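Inspection log for the structure reproduced underneath, given as structure tokens.
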Amino acid sequence: AALASDAAMAIRNAQLFANLKRELERNRELFLQTILVLGSTIEAKDTYTHGHTERVTNYAVLIARQMRESGAPELDDKFLEVLYISGMLHDIGKIAVPEAILNKTDKLTREEFDIMKQHTLKGEEMLKPLSVFRECIDGVKYHHERYDGKGYPSGLKGEDIPMIAAIIAVADTFDAMTTDRPYRKGFSKDEAIAEIRINSGVQFNPKPVQALLELYEAGKL
């Protein structure tokens with residue numbers, strides 16, 4: 001009877017664990033689907049960046065994987081998942097930017113650019129109440145910081161910039177440069193790679209830049 005009772009309890013515990021695991025996986029899938037919806041909302045407002053969010057996210061994940069293969073084991077699967085979420089949400093704050101500024105075909109005035117720059121802080125404000133990882137918010141808030149400290153919104157410099165934001169910055173710039181915009185034609189990949197290479201250690205953290213160069217040379221971009 002004692003053995004039967006222990007066996008029954010073990011089976012019941014296993015069933016409870018399996019049910020919990022299924023529920024956690026279901027919640028995770030729902031969460032990621034919600035992230036995808038949130039990420040697509042900005043593209044519904046900004047008509048000139050269709051597909052930008054998904055491309056930047058894909059580039060960022062490729063860069064992180066390449067960095068891991070080249071000797072950065074800290075960029076584990078958990079980091080990649082957080083990076084994916086942050087990439088999908090990196091421009092979410094643009095929802096708070098007037099469409100007249102987002103879709104302007106001419107160069108922005110200083111005042112308009114100051115408003116545009118607020119999207120990093122607006123994104124942080126929007127995500128703080130949600131149950132997202134702090135690292136996700138770091139990617140959203142700091143992906144326009146520069147390695148030389150001349151970026152925004154906080155003027156972070158060098159290794160003070162979270163790696164998740166440094167990776168998104170390289171991915172974001174590569175996609176922006178190689179995409180046609182109303183005010184200019186997109187650069188070729190060769191031209192974009194050359195420009196990013198020049199700005200390694202100036203605008204960008206050299207580590208994700210090196211990974212991008214390796215991906216390009218391997219024909220993976």
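Just remember, in the structure tokens the first chain shown is A, the second B, etc., residues are 1-based per chain, and ligands are 1-based in the order shown.
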Which residues of segment 25-111 of chain A come within 7 Å of segment 124-148 of chain A, and what is each one's closest atom pair and distance in Å (one decimal), counting only C-alpha atoms, sorted by chain and residue number, as a tab-separated table?
residue	atom	partner	partner_atom	distance
A:Val82	CA	A:Cys136	CA	5.9
A:Leu83	CA	A:Cys136	CA	6.7
A:Ile85	CA	A:Cys136	CA	6.5
A:Ser86	CA	A:Cys136	CA	4.5
A:Leu89	CA	A:Val140	CA	6.6
A:His90	CA	A:Val140	CA	4.3
A:Asp91	CA	A:Val140	CA	6.9
Just write the chosen residues, C-alpha atoms, as an mmCIF file, in the first residue's frame.
data_model
loop_
_atom_site.group_PDB
_atom_site.id
_atom_site.type_symbol
_atom_site.label_atom_id
_atom_site.label_comp_id
_atom_site.auth_asym_id
_atom_site.auth_seq_id
_atom_site.Cartn_x
_atom_site.Cartn_y
_atom_site.Cartn_z
ATOM 1 C CA VAL A 82 15.802 38.542 -25.075
ATOM 2 C CA LEU A 83 17.579 40.066 -28.093
ATOM 3 C CA ILE A 85 12.142 40.535 -28.170
ATOM 4 C CA SER A 86 14.166 43.751 -27.893
ATOM 5 C CA LEU A 89 10.333 46.357 -29.976
ATOM 6 C CA HIS A 90 13.342 48.613 -30.588
ATOM 7 C CA ASP A 91 11.298 51.307 -32.371
#
Residues of segment 112-180 of chain A in alpha helix (DSSP H), written as a CSV table (one decimal) with N, CA and C atoms, in the first residue's frame:
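Result file follows (part.csv):
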chain,number,residue,atom,x,y,z
A,112,GLU,N,12.4,69.0,-35.0
A,112,GLU,CA,11.8,67.7,-35.3
A,112,GLU,C,12.7,66.5,-35.0
A,113,PHE,N,14.0,66.7,-35.2
A,113,PHE,CA,14.9,65.6,-34.8
A,113,PHE,C,14.9,65.4,-33.3
A,114,ASP,N,14.8,66.5,-32.5
A,114,ASP,CA,14.8,66.3,-31.1
A,114,ASP,C,13.5,65.5,-30.7
A,115,ILE,N,12.4,65.8,-31.4
A,115,ILE,CA,11.2,65.0,-31.1
A,115,ILE,C,11.4,63.5,-31.5
A,116,MET,N,12.0,63.3,-32.6
A,116,MET,CA,12.3,61.9,-33.1
A,116,MET,C,13.1,61.2,-32.1
A,117,LYS,N,14.1,61.8,-31.5
A,117,LYS,CA,15.0,61.2,-30.6
A,117,LYS,C,14.3,60.7,-29.3
A,119,HIS,N,11.9,58.9,-29.1
A,119,HIS,CA,11.3,57.6,-29.2
A,119,HIS,C,12.0,56.5,-28.4
A,120,THR,N,13.3,56.7,-28.1
A,120,THR,CA,13.9,55.8,-27.2
A,120,THR,C,13.4,55.8,-25.8
A,121,LEU,N,13.2,57.0,-25.3
A,121,LEU,CA,12.6,57.2,-23.9
A,121,LEU,C,11.2,56.8,-23.9
A,122,LYS,N,10.4,57.1,-24.9
A,122,LYS,CA,9.0,56.8,-25.0
A,122,LYS,C,8.9,55.2,-25.0
A,123,GLY,N,9.8,54.6,-25.7
A,123,GLY,CA,9.7,53.1,-25.7
A,123,GLY,C,10.0,52.5,-24.3
A,124,GLU,N,10.9,53.1,-23.6
A,124,GLU,CA,11.2,52.7,-22.2
A,124,GLU,C,10.0,52.9,-21.4
A,125,GLU,N,9.3,54.0,-21.5
A,125,GLU,CA,8.1,54.3,-20.7
A,125,GLU,C,7.0,53.3,-21.0
A,126,MET,N,6.8,52.9,-22.3
A,126,MET,CA,5.8,52.0,-22.7
A,126,MET,C,6.0,50.6,-22.2
A,127,LEU,N,7.3,50.2,-22.1
A,127,LEU,CA,7.6,48.8,-21.7
A,127,LEU,C,7.7,48.6,-20.2
A,134,ARG,N,14.6,43.3,-18.2
A,134,ARG,CA,15.3,44.6,-18.1
A,134,ARG,C,16.2,44.8,-19.3
A,135,GLU,N,16.8,43.7,-19.8
A,135,GLU,CA,17.7,43.8,-20.9
A,135,GLU,C,16.9,44.2,-22.2
A,136,CYS,N,15.7,43.8,-22.3
A,136,CYS,CA,14.9,44.2,-23.5
A,136,CYS,C,14.7,45.7,-23.5
A,137,ILE,N,14.4,46.2,-22.4
A,137,ILE,CA,14.3,47.7,-22.3
A,137,ILE,C,15.6,48.4,-22.6
A,138,ASP,N,16.7,47.8,-22.1
A,138,ASP,CA,18.0,48.4,-22.4
A,138,ASP,C,18.2,48.5,-23.9
A,139,GLY,N,17.8,47.5,-24.7
A,139,GLY,CA,18.0,47.5,-26.1
A,139,GLY,C,17.2,48.5,-26.8
A,140,VAL,N,15.9,48.7,-26.3
A,140,VAL,CA,15.0,49.7,-26.8
A,140,VAL,C,15.6,51.2,-26.5
A,141,LYS,N,16.0,51.4,-25.3
A,141,LYS,CA,16.4,52.7,-24.8
A,141,LYS,C,17.7,53.1,-25.4
A,142,TYR,N,18.7,52.2,-25.5
A,142,TYR,CA,20.1,52.6,-25.8
A,142,TYR,C,20.6,52.3,-27.2
A,163,MET,N,25.4,45.3,-24.3
A,163,MET,CA,25.7,44.6,-25.5
A,163,MET,C,24.5,44.4,-26.4
A,164,ILE,N,23.4,44.2,-25.7
A,164,ILE,CA,22.1,44.0,-26.5
A,164,ILE,C,21.8,45.2,-27.4
A,165,ALA,N,22.1,46.4,-26.8
A,165,ALA,CA,21.8,47.7,-27.6
A,165,ALA,C,22.9,47.9,-28.6
A,166,ALA,N,24.2,47.5,-28.3
A,166,ALA,CA,25.3,47.6,-29.3
A,166,ALA,C,25.0,46.8,-30.5
A,167,ILE,N,24.5,45.6,-30.3
A,167,ILE,CA,24.2,44.7,-31.4
A,167,ILE,C,23.1,45.2,-32.3
A,168,ILE,N,22.0,45.7,-31.6
A,168,ILE,CA,20.9,46.3,-32.3
A,168,ILE,C,21.3,47.5,-33.1
A,169,ALA,N,22.2,48.3,-32.6
A,169,ALA,CA,22.7,49.5,-33.2
A,169,ALA,C,23.3,49.2,-34.6
A,170,VAL,N,24.1,48.1,-34.6
A,170,VAL,CA,24.8,47.7,-35.9
A,170,VAL,C,23.8,47.2,-36.8
A,171,ALA,N,22.9,46.3,-36.4
A,171,ALA,CA,21.8,45.7,-37.2
A,171,ALA,C,20.9,46.8,-37.8
A,172,ASP,N,20.5,47.8,-36.9
A,172,ASP,CA,19.6,48.9,-37.3
A,172,ASP,C,20.3,49.7,-38.4
A,173,THR,N,21.5,50.1,-38.2
A,173,THR,CA,22.2,50.9,-39.2
A,173,THR,C,22.4,50.2,-40.5
A,174,PHE,N,22.8,48.9,-40.5
A,174,PHE,CA,23.0,48.2,-41.7
A,174,PHE,C,21.7,48.1,-42.5
A,175,ASP,N,20.5,47.9,-41.8
A,175,ASP,CA,19.3,47.8,-42.6
A,175,ASP,C,18.9,49.2,-43.1
A,176,ALA,N,19.1,50.3,-42.2
A,176,ALA,CA,18.7,51.6,-42.7
A,176,ALA,C,19.5,52.0,-43.9
A,177,MET,N,20.8,51.7,-43.9
A,177,MET,CA,21.6,52.1,-45.0
A,177,MET,C,21.3,51.4,-46.3
(message) I'd like to know which residues of segment 2-211 of chain A are strand (DSSP E or B) (by DSSP, run on the backbone); could you write them as JSON, numbers by chain?
(response) {"A": [181, 184, 200, 204]}
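From atom CA of Lys45 of chain A back to atom CA of Glu99 of chain A, the distance works out to 6.9 Å.
Within 12 Å of Glu195 of chain A, once only C-alpha atoms are used and residues closer than 2 positions along the same chain are dropped, the contacting residues are Val170, Thr173, Phe174, Met177, Thr178, Phe187, Ser188, Lys189, Asp190, Glu191, Ala192, Ile193, Arg197, Ile198, Asn199, Ser200, Val202, Gln203, Phe204, Val209 and Leu213 of chain A.
Proximity to Arg65 of chain A at 10 Å, evaluated using only C-alpha atoms and with sequence-adjacent residues fewer than 6 positions away removed, yields Tyr59, Ala72, Pro73, Leu75, Asp76, Asp77, Leu80 and Ala211 of chain A.
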(request) Measure the distance from atom CA of Asp46 of chain A to atom CA of Ile63 of chain A in Å and round it to one decimal. (result)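 Interatomic distance, atom CA of Asp46 of chain A to atom CA of Ile63 of chain A: 25.7 Å.
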(request) Compare A:Met88, A:Leu215, A:Gln210, A:Arg184 by their minimum atom-to-atom distance to Thr34 of chain A, counting only C-alpha atoms, and give me the closest one. (result) A:Met88
(message) From the options A:Leu221, A:Thr105, A:Ile92, A:Glu69, which residue's atoms come nearest to Val37 of chain A, counting only C-alpha atoms?
(response) A:Ile92
